[in-house]
$ cat protein35.txt   # compact mmCIF, C-alpha atoms
# COMPACT_ATOMS: atom_id res chain seq x y z
CA MET Q 1 148.98 14.40 275.79
CA ASP Q 2 146.51 14.43 272.93
CA ASN Q 3 143.63 16.65 274.04
CA LYS Q 4 141.37 15.53 271.22
CA ARG Q 5 141.94 11.91 272.12
CA ILE Q 6 141.22 12.60 275.80
CA GLN Q 7 138.05 14.46 274.94
CA ASP Q 8 137.01 11.59 272.73
CA LEU Q 9 137.63 9.05 275.51
CA MET Q 10 135.80 11.20 278.08
CA ASN Q 11 132.80 11.57 275.79
CA LYS Q 12 132.68 7.83 275.32
CA ALA Q 13 132.99 7.21 279.07
CA ILE Q 14 130.15 9.64 279.83
CA ASP Q 15 128.05 8.05 277.10
CA ARG Q 16 128.93 4.58 278.41
CA ILE Q 17 130.18 3.40 275.04
CA ILE Q 18 133.84 3.17 275.99
CA SER Q 19 135.63 -0.13 275.30
CA GLU Q 20 137.84 -1.92 277.89
CA ASP Q 21 141.04 -0.87 276.13
CA GLU Q 22 139.88 2.71 275.88
CA LYS Q 23 138.93 2.68 279.57
CA VAL Q 24 142.46 1.58 280.49
CA GLU Q 25 143.88 4.30 278.23
CA LEU Q 26 141.68 6.97 279.86
CA ASP Q 27 142.56 5.78 283.37
CA ASN Q 28 146.24 6.14 282.53
CA TYR Q 29 145.67 9.76 281.50
CA LEU Q 30 143.66 10.47 284.64
CA LYS Q 31 146.30 8.95 286.93
CA THR Q 32 148.95 11.27 285.59
CA ASP Q 33 146.86 14.45 285.72
CA PRO Q 34 144.86 15.19 288.93
CA GLU Q 35 143.18 18.26 287.42
CA LEU Q 36 142.04 16.22 284.48
CA LYS Q 37 140.62 13.66 286.89
CA ILE Q 38 138.66 16.34 288.81
CA ASN Q 39 137.27 17.67 285.57
CA TYR Q 40 136.33 14.18 284.47
CA VAL Q 41 134.53 13.42 287.74
CA GLN Q 42 132.61 16.68 287.52
CA LEU Q 43 131.62 15.91 283.94
CA ILE Q 44 130.35 12.48 284.99
CA LYS Q 45 128.34 14.04 287.84
CA SER Q 46 126.92 16.67 285.49
CA ALA Q 47 125.78 13.98 283.11
CA GLU Q 48 124.23 12.06 285.99
CA ILE Q 49 122.34 15.20 287.01
CA LEU Q 50 120.82 15.37 283.55
CA ASP Q 51 119.44 11.90 284.16
CA LYS Q 52 117.46 13.29 287.07
CA LEU Q 53 115.14 15.11 284.76
CA PRO Q 54 111.95 13.11 284.51
CA GLU Q 55 110.35 12.03 281.27
CA TYR Q 56 107.24 14.05 280.60
CA GLU Q 57 103.91 13.01 279.19
CA ALA Q 58 102.51 15.26 276.55
CA SER Q 59 99.12 16.73 277.34
CA SER Q 60 96.19 15.16 275.50
CA ASN Q 61 95.28 18.67 274.36
CA ILE Q 62 98.35 18.74 272.14
CA LYS Q 63 97.06 15.99 269.88
CA LYS Q 64 93.62 17.56 269.81
CA ASN Q 65 95.10 20.95 268.91
CA ILE Q 66 97.28 19.43 266.20
CA LEU Q 67 94.35 17.60 264.62
CA ASN Q 68 92.18 20.71 264.80
CA SER Q 69 94.89 22.79 263.17
CA ILE Q 70 95.36 20.21 260.44
CA GLU Q 71 91.63 20.12 259.80
CA THR Q 72 91.54 23.92 259.58
CA THR Q 73 94.55 23.89 257.28
CA ASN Q 74 92.90 21.28 255.08
CA ASN Q 75 89.67 23.25 254.93
CA GLN Q 76 91.59 26.37 254.02
CA ALA Q 77 93.51 24.41 251.39
CA VAL Q 78 90.26 23.13 249.92
CA LYS Q 79 88.85 26.66 249.99
CA VAL Q 80 91.95 28.07 248.33
CA SER Q 81 91.87 25.26 245.81
CA LYS Q 82 88.20 25.99 245.03
CA GLU Q 83 88.98 29.68 244.73
CA LYS Q 84 91.82 28.86 242.36
CA ILE Q 85 89.49 26.73 240.26
CA MET Q 86 86.87 29.50 240.25
CA HIS Q 87 89.56 31.99 239.33
CA LYS Q 88 90.74 29.70 236.54
CA LYS Q 89 87.17 29.26 235.28
CA PHE Q 90 86.58 32.97 235.43
CA SER Q 91 89.84 33.65 233.65
CA PHE Q 92 88.97 31.09 231.01
CA THR Q 93 85.50 32.64 230.49
CA LYS Q 94 87.00 36.09 230.44
CA ARG Q 95 89.64 35.01 227.96
CA ARG Q 96 87.01 33.42 225.72
CA THR Q 97 84.95 36.61 225.81
CA VAL Q 98 87.94 38.73 224.91
CA ILE Q 99 88.84 36.37 222.06
CA ALA Q 100 85.24 36.38 220.80
CA LEU Q 101 85.11 40.18 220.94
CA ALA Q 102 88.44 40.48 219.16
CA PHE Q 103 87.29 38.01 216.52
CA GLY Q 104 84.02 39.92 216.08
CA MET Q 105 85.92 43.16 215.66
CA VAL Q 106 88.20 41.58 213.05
CA VAL Q 107 85.16 40.24 211.17
CA CYS Q 108 83.47 43.64 211.32
CA LEU Q 109 86.61 45.33 210.07
CA PHE Q 110 86.92 42.80 207.26
CA VAL Q 111 83.27 43.30 206.24
CA PHE Q 112 83.70 47.05 206.37
CA VAL Q 113 86.82 46.92 204.20
CA LEU Q 114 85.04 44.67 201.70
CA TRP Q 115 81.97 46.90 201.66
CA ASN Q 116 84.12 49.93 201.19
CA LYS Q 117 86.07 48.26 198.41
CA PHE Q 118 82.98 47.37 196.37
CA TYR Q 119 80.49 50.09 197.26
CA ASN Q 120 82.46 53.06 198.35
CA THR Q 121 85.41 53.36 196.08
CA SER Q 122 86.04 56.93 197.12
CA PHE Q 123 88.54 55.74 199.69
CA ASN Q 124 90.45 53.79 197.10
CA ASN Q 125 89.99 55.95 194.05
CA GLU Q 126 90.76 59.24 195.66
CA SER Q 127 92.96 61.02 193.23
CA VAL Q 128 96.08 62.74 194.36
CA SER Q 129 95.78 65.28 191.61
CA GLY Q 130 94.17 67.99 193.65
CA TYR Q 131 91.11 66.07 194.76
CA MET Q 132 92.18 65.72 198.34
CA GLY Q 133 89.82 67.41 200.70
CA MET Q 134 86.69 67.18 198.55
CA SER Q 135 85.26 63.80 199.42
CA GLU Q 136 85.92 64.52 203.13
CA SER Q 137 83.29 67.26 202.95
CA LEU Q 138 80.63 64.70 202.01
CA PRO Q 139 78.65 62.58 204.47
CA PHE Q 140 80.53 59.54 205.71
CA ASP Q 141 78.41 56.93 203.96
CA THR Q 142 78.55 58.65 200.55
CA ARG Q 143 79.78 56.38 197.78
CA GLU Q 144 81.60 57.38 194.69
CA ILE Q 145 80.03 56.05 191.53
CA TYR Q 146 82.31 57.56 188.92
CA SER Q 147 85.52 59.51 188.52
CA GLN Q 148 87.32 60.88 185.50
CA GLU Q 149 90.44 62.94 185.01
CA LEU Q 150 89.85 65.60 182.34
CA LEU Q 151 93.40 65.96 181.16
CA GLY Q 152 92.61 68.49 178.42
CA ILE Q 153 91.53 71.10 180.93
CA GLU Q 154 93.47 69.65 183.89
CA SER Q 155 90.39 68.97 185.96
CA SER Q 156 88.88 66.10 187.89
CA PHE Q 157 85.26 65.17 187.59
CA ARG Q 158 83.47 62.83 189.97
CA ILE Q 159 79.98 61.69 190.78
CA TYR Q 160 78.88 60.60 194.26
CA ARG Q 161 75.59 59.42 195.65
CA ASN Q 162 74.29 59.36 199.18
CA LYS Q 163 70.76 57.97 199.40
CA ASP Q 164 68.69 60.39 197.30
CA THR Q 165 71.35 63.02 196.90
CA LEU Q 166 73.68 63.21 193.97
CA TYR Q 167 76.94 65.12 194.22
CA VAL Q 168 78.69 66.04 191.01
CA SER Q 169 82.09 67.50 191.73
CA MET Q 170 84.49 69.49 189.63
CA ASP Q 171 88.05 70.21 190.69
CA LYS Q 172 89.36 72.76 188.23
CA LYS Q 173 93.02 73.59 188.58
CA THR Q 174 93.62 76.02 185.77
CA ALA Q 175 92.36 79.46 184.87
CA GLY Q 176 90.25 79.72 181.75
CA GLU Q 177 86.52 79.47 181.67
CA ILE Q 178 84.64 76.17 181.60
CA SER Q 179 80.94 75.52 181.89
CA ILE Q 180 79.23 72.40 183.10
CA GLY Q 181 75.74 71.75 181.81
CA TYR Q 182 73.39 69.30 183.49
CA SER Q 183 70.28 68.01 181.64
CA PHE Q 184 67.73 65.83 183.38
CA ASP Q 185 64.07 65.06 183.66
CA PRO Q 186 62.80 67.59 186.18
CA ALA Q 187 60.22 65.05 187.33
CA GLY Q 188 63.02 62.67 188.28
CA ILE Q 189 65.81 65.00 189.40
CA SER Q 190 65.82 68.38 191.05
CA PHE Q 191 68.77 70.75 191.23
CA ILE Q 192 69.51 71.71 194.85
CA GLY Q 193 72.43 74.07 194.50
CA VAL Q 194 76.19 74.38 194.59
CA ARG Q 195 78.50 73.77 197.49
CA GLU Q 196 81.74 75.62 197.07
CA ILE Q 197 84.88 74.18 198.55
CA ILE Q 198 87.28 76.51 196.78
CA SER Q 199 85.58 78.88 194.41
CA THR Q 200 85.49 82.35 193.03
CA SER Q 201 81.75 82.76 192.80
CA PRO Q 202 80.65 80.41 190.08
CA SER Q 203 77.93 81.54 187.73
CA ILE Q 204 74.88 79.33 188.12
CA LYS Q 205 71.89 79.19 185.82
CA THR Q 206 68.90 76.88 186.16
CA GLN Q 207 65.81 76.40 184.05
CA GLY Q 208 63.44 73.43 184.12
CA GLY Q 209 65.44 70.31 183.54
CA ARG Q 210 68.63 72.20 182.90
CA ALA Q 211 71.35 73.72 185.05
CA SER Q 212 74.68 75.23 184.17
CA ILE Q 213 77.66 76.33 186.22
CA THR Q 214 80.45 78.46 184.82
CA LEU Q 215 83.87 78.48 186.48
CA SER Q 216 86.52 80.96 185.43
CA GLU Q 217 89.14 80.49 188.15
CA PRO Q 218 90.63 77.36 189.76
CA SER Q 219 87.76 75.96 191.79
CA LYS Q 220 86.47 73.02 193.75
CA ILE Q 221 82.71 72.70 193.79
CA PHE Q 222 79.89 70.21 194.19
CA ALA Q 223 76.61 70.47 192.29
CA LEU Q 224 73.89 68.89 194.41
CA PHE Q 225 70.82 67.18 193.00
CA GLN Q 226 67.94 65.39 194.62
CA ILE Q 227 66.84 62.14 193.04
CA ILE Q 228 63.04 62.12 192.99
CA LYS Q 229 62.42 59.09 190.81
CA PRO Q 230 64.61 56.01 190.47
CA SER Q 231 66.33 55.15 187.19
CA THR Q 232 66.39 58.75 186.11
CA GLU Q 233 69.03 59.75 183.62
CA MET Q 234 71.26 62.75 183.65
CA ASP Q 235 73.31 64.23 180.84
CA ILE Q 236 76.39 66.21 181.76
CA GLN Q 237 78.42 68.28 179.32
CA VAL Q 238 81.70 70.03 180.09
CA ARG Q 239 82.75 72.82 177.70
CA ASP Q 240 85.66 75.22 177.64
CA ALA Q 241 85.54 78.58 175.91
CA GLU Q 242 85.81 77.04 172.47
CA ARG Q 243 84.38 73.54 172.48
CA GLN Q 244 82.70 70.69 174.25
CA VAL Q 245 85.37 68.82 176.16
CA PHE Q 246 83.40 65.89 177.51
CA ARG Q 247 79.89 64.61 177.70
CA TYR Q 248 78.51 62.03 180.11
CA LYS Q 249 75.13 60.46 180.34
CA PHE Q 250 74.27 58.07 183.12
CA ASN Q 251 71.42 56.47 184.99
CA VAL Q 252 71.41 57.44 188.62
CA ASP Q 253 70.63 53.87 189.69
CA LYS Q 254 73.38 52.37 187.61
CA LYS Q 255 77.02 52.85 187.74
CA LYS Q 256 77.34 52.59 184.00
CA ILE Q 257 78.14 55.86 182.34
CA LYS Q 258 77.19 56.42 178.75
CA LEU Q 259 79.31 58.57 176.58
CA MET Z 1 110.66 2.16 260.01
CA GLU Z 2 108.47 0.20 257.61
CA GLU Z 3 105.51 1.11 259.71
CA ASP Z 4 106.39 4.82 259.60
CA LEU Z 5 106.63 4.78 255.83
CA GLU Z 6 103.31 3.01 255.56
CA LEU Z 7 101.71 5.56 257.88
CA VAL Z 8 103.17 8.40 255.83
CA LYS Z 9 101.76 6.90 252.62
CA ARG Z 10 98.38 6.41 254.20
CA SER Z 11 98.45 9.95 255.61
CA LEU Z 12 99.18 11.28 252.14
CA ARG Z 13 96.10 9.41 250.92
CA ASN Z 14 94.16 11.16 253.70
CA GLU Z 15 93.27 7.84 255.30
CA PRO Z 16 91.59 8.50 258.65
CA GLY Z 17 93.76 7.88 261.69
CA ALA Z 18 97.03 7.43 259.82
CA PHE Z 19 98.64 10.73 260.75
CA GLU Z 20 97.10 10.43 264.20
CA ARG Z 21 99.15 7.29 264.72
CA LEU Z 22 102.32 9.14 263.78
CA ILE Z 23 101.39 11.78 266.34
CA ASP Z 24 100.83 9.08 268.98
CA LYS Z 25 104.21 7.60 268.21
CA TYR Z 26 106.31 10.76 268.15
CA GLN Z 27 104.55 13.35 270.29
CA LYS Z 28 106.17 12.21 273.52
CA PRO Z 29 109.80 12.36 272.28
CA ILE Z 30 109.14 15.68 270.53
CA TYR Z 31 107.45 17.08 273.63
CA ASN Z 32 110.35 15.91 275.80
CA LEU Z 33 112.79 17.44 273.34
CA GLY Z 34 110.87 20.69 273.83
CA MET Z 35 110.99 20.35 277.59
CA ARG Z 36 114.78 19.81 277.50
CA MET Z 37 115.29 22.64 275.06
CA PHE Z 38 113.08 25.24 276.72
CA GLY Z 39 112.46 24.00 280.23
CA ASN Z 40 108.75 24.85 280.26
CA SER Z 41 105.63 23.06 279.18
CA ASP Z 42 104.14 25.98 277.21
CA ASP Z 43 107.06 26.18 274.81
CA ALA Z 44 107.30 22.39 274.67
CA GLN Z 45 103.63 22.26 273.71
CA ASP Z 46 104.05 25.01 271.10
CA LEU Z 47 107.03 23.18 269.68
CA THR Z 48 105.20 19.84 269.51
CA GLN Z 49 102.18 21.35 267.79
CA ASN Z 50 104.26 23.32 265.31
CA VAL Z 51 106.38 20.29 264.46
CA PHE Z 52 103.40 18.09 263.65
CA ILE Z 53 101.54 20.77 261.74
CA LYS Z 54 104.65 21.49 259.65
CA SER Z 55 105.23 17.77 259.19
CA TRP Z 56 101.70 17.45 257.86
CA GLU Z 57 102.14 20.37 255.50
CA ARG Z 58 105.43 19.01 254.16
CA LEU Z 59 104.62 15.33 254.28
CA ASP Z 60 104.75 15.04 250.49
CA THR Z 61 108.41 16.16 250.61
CA TYR Z 62 109.44 13.31 252.93
CA ASP Z 63 112.09 11.18 251.29
CA ALA Z 64 111.59 7.52 252.18
CA LYS Z 65 115.30 6.74 251.99
CA PHE Z 66 115.74 8.59 255.30
CA LYS Z 67 114.34 7.52 258.66
CA PHE Z 68 111.10 9.25 259.52
CA PHE Z 69 112.28 10.12 263.03
CA SER Z 70 115.36 11.87 261.55
CA TRP Z 71 113.10 13.86 259.27
CA ILE Z 72 110.73 14.90 262.05
CA TYR Z 73 113.58 15.60 264.48
CA ARG Z 74 115.15 17.90 261.93
CA ILE Z 75 111.89 19.81 261.72
CA ALA Z 76 111.82 19.86 265.53
CA LEU Z 77 115.35 21.25 265.75
CA ASN Z 78 114.66 23.96 263.20
CA GLU Z 79 111.49 24.81 265.01
CA SER Z 80 113.39 24.90 268.33
CA ILE Z 81 115.85 27.37 266.87
CA ASN Z 82 112.98 29.49 265.55
CA LEU Z 83 111.18 29.35 268.84
CA SER Z 84 114.26 30.19 270.88
CA ASN Z 85 114.72 33.32 268.78
CA LYS Z 86 111.23 34.56 269.40
CA GLU Z 87 110.73 37.55 271.61
CA LYS Z 88 107.51 35.99 272.85
CA ARG Z 89 109.37 33.26 274.62
CA LYS Z 90 111.63 35.71 276.42
CA GLU Z 91 108.59 37.61 277.63
CA ARG Z 92 106.98 34.41 278.79
CA ILE Z 93 110.07 33.42 280.79
CA GLU Z 94 110.17 36.85 282.40
CA ASN Z 95 106.48 36.62 283.29
CA GLU Z 96 106.94 33.15 284.72
CA ALA Z 97 109.84 34.35 286.86
CA GLU Z 98 107.58 36.98 288.36
CA PHE Z 99 104.72 34.51 288.70
CA GLU Z 100 106.78 32.03 290.66
CA THR Z 101 107.66 34.51 293.38
CA GLY Z 102 104.15 34.70 294.74
CA ILE Z 103 102.38 31.53 293.70
CA SER Z 104 103.28 27.92 294.30
CA VAL Z 105 104.62 26.17 291.29
CA VAL Z 106 101.97 24.09 289.62
CA LYS Z 107 103.59 22.72 286.53
CA GLU Z 108 105.03 19.28 286.58
CA PHE Z 109 108.69 20.06 286.33
CA GLU Z 110 108.44 23.04 288.59
CA ARG Z 111 107.34 20.88 291.55
CA ASN Z 112 110.88 19.73 291.77
CA GLU Z 113 113.29 22.53 292.58
CA GLN Z 114 116.23 20.53 291.38
CA SER Z 115 114.57 19.79 288.06
CA LYS Z 116 113.90 23.46 287.62
CA LYS Z 117 117.54 24.31 288.27
CA ILE Z 118 118.63 21.69 285.76
CA HIS Z 119 116.21 23.10 283.20
CA ASP Z 120 117.43 26.61 283.88
CA THR Z 121 121.01 25.48 283.47
CA LEU Z 122 120.26 23.77 280.18
CA THR Z 123 118.37 26.69 278.74
CA GLU Z 124 121.23 29.03 279.61
CA ILE Z 125 123.54 27.15 277.30
CA GLU Z 126 123.81 28.50 273.76
CA ILE Z 127 121.34 26.66 271.54
CA ASN Z 128 123.85 24.88 269.27
CA TYR Z 129 125.50 23.30 272.34
CA ARG Z 130 122.15 22.60 273.97
CA ILE Z 131 121.00 20.72 270.87
CA VAL Z 132 123.88 18.22 270.94
CA ILE Z 133 123.42 17.57 274.66
CA VAL Z 134 119.69 17.00 274.25
CA LEU Z 135 120.09 14.80 271.18
CA ARG Z 136 122.82 12.71 272.75
CA HIS Z 137 121.67 12.57 276.32
CA TYR Z 138 117.92 12.48 276.04
CA MET Z 139 117.20 11.34 272.51
CA GLU Z 140 120.09 8.87 272.75
CA LEU Z 141 121.18 9.40 269.16
CA SER Z 142 124.63 8.23 268.09
CA TYR Z 143 127.30 10.76 267.12
CA LEU Z 144 126.75 9.82 263.50
CA GLU Z 145 122.98 10.28 263.73
CA ILE Z 146 123.47 13.69 265.35
CA ALA Z 147 125.96 14.60 262.63
CA GLU Z 148 123.45 13.69 259.93
CA LEU Z 149 120.66 15.49 261.69
CA ILE Z 150 122.41 18.79 262.26
CA GLU Z 151 124.43 18.40 259.06
CA VAL Z 152 127.95 18.73 260.45
CA PRO Z 153 130.88 16.24 260.40
CA GLU Z 154 130.94 13.61 263.15
CA LYS Z 155 134.18 14.99 264.60
CA THR Z 156 132.47 18.37 264.96
CA VAL Z 157 129.69 16.68 266.90
CA LYS Z 158 132.21 15.13 269.25
CA SER Z 159 134.10 18.34 269.93
CA ARG Z 160 130.87 20.36 270.22
CA LEU Z 161 129.47 17.80 272.63
CA PHE Z 162 132.56 17.98 274.81
CA SER Z 163 132.45 21.78 274.86
CA ALA Z 164 128.74 21.66 275.68
CA ARG Z 165 129.40 19.33 278.59
CA GLN Z 166 132.10 21.63 279.90
CA LEU Z 167 129.71 24.60 279.73
CA LEU Z 168 127.01 22.60 281.50
CA LYS Z 169 129.43 21.51 284.20
CA GLU Z 170 130.61 25.09 284.82
CA SER Z 171 127.04 26.26 285.12
CA LEU Z 172 126.05 23.41 287.47
CA LEU Z 173 129.12 24.15 289.61
CA LYS Z 174 128.05 27.76 289.92
CA LYS Z 175 124.58 26.71 291.01
CA GLY Z 176 126.07 24.30 293.53
CA LEU Z 177 124.48 21.29 291.85
CA VAL Z 178 127.88 19.70 291.28
CA GLN Z 179 130.66 19.64 293.85

$ encode --input "protein35.txt" --output "structure tokens"
Amino acid sequence: MDNKRIQDLMNKAIDRIISEDEKVELDNYLKTDPELKINYVQLIKSAEILDKLPEYEASSNIKKNILNSIETTNNQAVKVSKEKIMHKKFSFTKRRTVIALAFGMVVCLFVFVLWNKFYNTSFNNESVSGYMGMSESLPFDTREIYSQELLGIESSFRIYRNKDTLYVSMDKKTAGEISIGYSFDPAGISFIGVREIISTSPSIKTQGGRASITLSEPSKIFALFQIIKPSTEMDIQVRDAERQVFRYKFNVDKKKIKL
Amino acid sequence: MEEDLELVKRSLRNEPGAFERLIDKYQKPIYNLGMRMFGNSDDAQDLTQNVFIKSWERLDTYDAKFKFFSWIYRIALNESINLSNKEKRKERIENEAEFETGISVVKEFERNEQSKKIHDTLTEIEINYRIVIVLRHYMELSYLEIAELIEVPEKTVKSRLFSARQLLKESLLKKGLVQ
């Protein structure tokens, strides 16, 4: 006896889709097995009992509830969609602002670098030969207008200007006495004093339109002058114990240095 | 079939009344599926509502090469399984059991004691067996349609259906509904 086949035939009989041949086949099985027949009859009765369940009508509230829920869902979807659009707009605006700010900063940096390159060469021309640490002691917006390495006495000489103040620096690395003489029109320039970065008490003399500073040890100093009148000239001489080493003459309003 | 597809398309275009017509057409079979599966009108109503709301939400995923009723029945079956697993339903059944002891039964199926016993018997059967009985007996789907719907081979449907009928018969015998 093929159980699967019998089950198949019983299913078909219960579902009323059994063919005539299959019905004969099933009857033959049932005739030979009383227990199988009892089971079959009970299965048929069980299926008939299921038919006794009535068909139900759905409450009219169901449709109303469904449509209400859908409407709410749609409204929420629209709201979410609007919020997404607002969020996108906000993000776009925010992104544009950030880009604009970044661009502005880049432009500012570029302008600053250009300005520094042409008007404040101290950043670029800073010498490594012992001058480090001098320009940092000056105000931030001070510009260097001249620099010269004095190889004969192993010194560096530089001139800076910040508004009406002139800074004339000397970085002297060797022992041996040198003197720096400054000549100027006292009506146009006034000697302020000396700022010592590294110094062993320089000797300073001033008289009218003249000032002189004598350095005997390795030193780093600034001589400070106030510019009273524009286009004033200054003459600077650097001498060692025996001779004049260098002489510079320049107009405070011009970069050009006259020898 | 053609009409269902047209209603789906119109619903997707948010045309007024289109989805409502699909509800009109399928709410009764879905509700009856719920009644057979759970034996009470509250769960059947929950099921029906959930099925149509989910159908609406997923309508753009409906593949027109399948029958719409298969698609919505599949949602209904998944939802039935979800619902049958919910603690809430168990609590509700317990509450109803207590309720019925003191107050006359008011709901439609509960007016008939025999119907209630049949419902109770059905709901006692494990859900996978209950599904094949309901789909075959009440939804009148073919073995092949059931197989496609619950995504198992046709021969599995046949053997599961036979086992389900045996379980039902045993339970009805115990309750004295079958001699």

$ residues_near_point --input "protein35.txt" --point "(66.4, 63.2, 186.6)" --cutoff "9 Å" --atoms "all atoms listed in the file" --output "count of residues only"
21

$ closest_atom_pairs --input "protein35.txt" --of "chain Z" --to "chain Q" --cutoff "9 Å" --atoms "all atoms listed in the file" --output "tab-separated table"
residue	atom	partner	partner_atom	distance
Z:Phe19	CA	Q:Leu67	CA	9.0
Z:Glu20	CA	Q:Leu67	CA	7.7
Z:Ile23	CA	Q:Lys63	CA	7.0
Z:Asp24	CA	Q:Lys63	CA	7.9
Z:Gln27	CA	Q:Ala58	CA	6.9
Z:Lys28	CA	Q:Ala58	CA	5.6
Z:Pro29	CA	Q:Tyr56	CA	8.9
Z:Ile30	CA	Q:Ala58	CA	9.0
Z:Tyr31	CA	Q:Ala58	CA	6.0
Z:Asn32	CA	Q:Tyr56	CA	6.0
Z:Met35	CA	Q:Tyr56	CA	7.9
Z:Arg36	CA	Q:Leu53	CA	8.7
Z:Ser41	CA	Q:Ala58	CA	8.8
Z:Ala44	CA	Q:Ala58	CA	8.8
Z:Gln45	CA	Q:Ile62	CA	6.5
Z:Asp46	CA	Q:Ile62	CA	8.5
Z:Thr48	CA	Q:Ile62	CA	7.4
Z:Gln49	CA	Q:Ile66	CA	5.5
Z:Asn50	CA	Q:Ile66	CA	8.0
Z:Phe52	CA	Q:Ile66	CA	6.8
Z:Ile53	CA	Q:Ile66	CA	6.3
Z:Trp56	CA	Q:Ile70	CA	7.4
Z:Glu57	CA	Q:Ile70	CA	8.4
Z:Glu108	CA	Q:Tyr56	CA	8.2
Z:Phe109	CA	Q:Pro54	CA	7.9
Z:Gln114	CA	Q:Lys52	CA	8.5
Z:Ser115	CA	Q:Leu53	CA	5.8
Z:Lys116	CA	Q:Leu53	CA	8.9
Z:Ile118	CA	Q:Leu50	CA	7.0
Z:His119	CA	Q:Leu53	CA	8.2
Z:Arg136	CA	Q:Asp15	CA	8.2
Z:His137	CA	Q:Leu50	CA	7.8
Z:Tyr138	CA	Q:Asp51	CA	8.3
Z:Lys158	CA	Q:Asp8	CA	6.9
Z:Ser159	CA	Q:Gln7	CA	7.5
Z:Leu161	CA	Q:Asn11	CA	7.7
Z:Phe162	CA	Q:Asn11	CA	6.5
Z:Arg165	CA	Q:Leu43	CA	6.7
Z:Gln166	CA	Q:Leu43	CA	7.0
Z:Leu168	CA	Q:Ser46	CA	7.1
Z:Lys169	CA	Q:Ser46	CA	5.6
Z:Leu172	CA	Q:Ser46	CA	7.1
Z:Leu173	CA	Q:Gln42	CA	8.5
Z:Leu177	CA	Q:Ile49	CA	8.1
Z:Val178	CA	Q:Ser46	CA	6.6
Z:Gln179	CA	Q:Gln42	CA	7.3

$ atom_distance --input "protein35.txt" --atom1 "CA of Ser219 (chain Q)" --atom2 "CA of Lys172 (chain Q)"
5.0 Å

$ residues_around --input "protein35.txt" --residues "Asp2 (chain Q)" --least-positions-apart "3" --cutoff "12 Å" --atoms "all atoms listed in the file" --output "ChimeraX atom specification"
/Q:5-9,25-26,29

$ atom_distance --input "protein35.txt" --atom1 "CA of Asp240 (chain Q)" --atom2 "CA of Ser179 (chain Q)"
6.4 Å

$ atom_distance --input "protein35.txt" --atom1 "CA of Lys37 (chain Q)" --atom2 "CA of Asp21 (chain Q)"
18.1 Å

$ closest_residue --input "protein35.txt" --among "Z:Ile72, Z:Leu33, Z:Leu135, Z:Val8" --to "Arg21 (chain Z)" --atoms "all atoms listed in the file"
Z:Val8

$ build_atoms --input "protein35.txt" --residues "region 66-77 of chain Q" --atoms "N, CA and C atoms" --output "JSON list (two decimals), in the frame of the given file"
[["chain", "number", "residue", "atom", "x", "y", "z"],
["Q", 66, "ILE", "N", 96.61, 19.72, 267.48],
["Q", 66, "ILE", "CA", 97.28, 19.43, 266.20],
["Q", 66, "ILE", "C", 96.23, 19.03, 265.17],
["Q", 67, "LEU", "N", 95.36, 18.09, 265.57],
["Q", 67, "LEU", "CA", 94.35, 17.60, 264.62],
["Q", 67, "LEU", "C", 93.39, 18.71, 264.21],
["Q", 68, "ASN", "N", 93.04, 19.58, 265.15],
["Q", 68, "ASN", "CA", 92.18, 20.71, 264.80],
["Q", 68, "ASN", "C", 92.86, 21.63, 263.80],
["Q", 69, "SER", "N", 94.15, 21.91, 264.07],
["Q", 69, "SER", "CA", 94.89, 22.79, 263.17],
["Q", 69, "SER", "C", 94.98, 22.20, 261.78],
["Q", 70, "ILE", "N", 95.24, 20.89, 261.74],
["Q", 70, "ILE", "CA", 95.36, 20.21, 260.44],
["Q", 70, "ILE", "C", 94.03, 20.28, 259.69],
["Q", 71, "GLU", "N", 92.95, 20.07, 260.43],
["Q", 71, "GLU", "CA", 91.63, 20.12, 259.80],
["Q", 71, "GLU", "C", 91.37, 21.51, 259.23],
["Q", 72, "THR", "N", 91.72, 22.53, 260.04],
["Q", 72, "THR", "CA", 91.54, 23.92, 259.58],
["Q", 72, "THR", "C", 92.39, 24.17, 258.35],
["Q", 73, "THR", "N", 93.65, 23.70, 258.41],
["Q", 73, "THR", "CA", 94.55, 23.89, 257.28],
["Q", 73, "THR", "C", 93.98, 23.22, 256.03],
["Q", 74, "ASN", "N", 93.46, 22.00, 256.22],
["Q", 74, "ASN", "CA", 92.90, 21.28, 255.08],
["Q", 74, "ASN", "C", 91.70, 22.01, 254.50],
["Q", 75, "ASN", "N", 90.84, 22.50, 255.40],
["Q", 75, "ASN", "CA", 89.67, 23.25, 254.93],
["Q", 75, "ASN", "C", 90.08, 24.49, 254.17],
["Q", 76, "GLN", "N", 91.11, 25.17, 254.70],
["Q", 76, "GLN", "CA", 91.59, 26.37, 254.02],
["Q", 76, "GLN", "C", 92.18, 26.00, 252.66],
["Q", 77, "ALA", "N", 92.91, 24.86, 252.66],
["Q", 77, "ALA", "CA", 93.51, 24.41, 251.39],
["Q", 77, "ALA", "C", 92.44, 24.10, 250.37]]
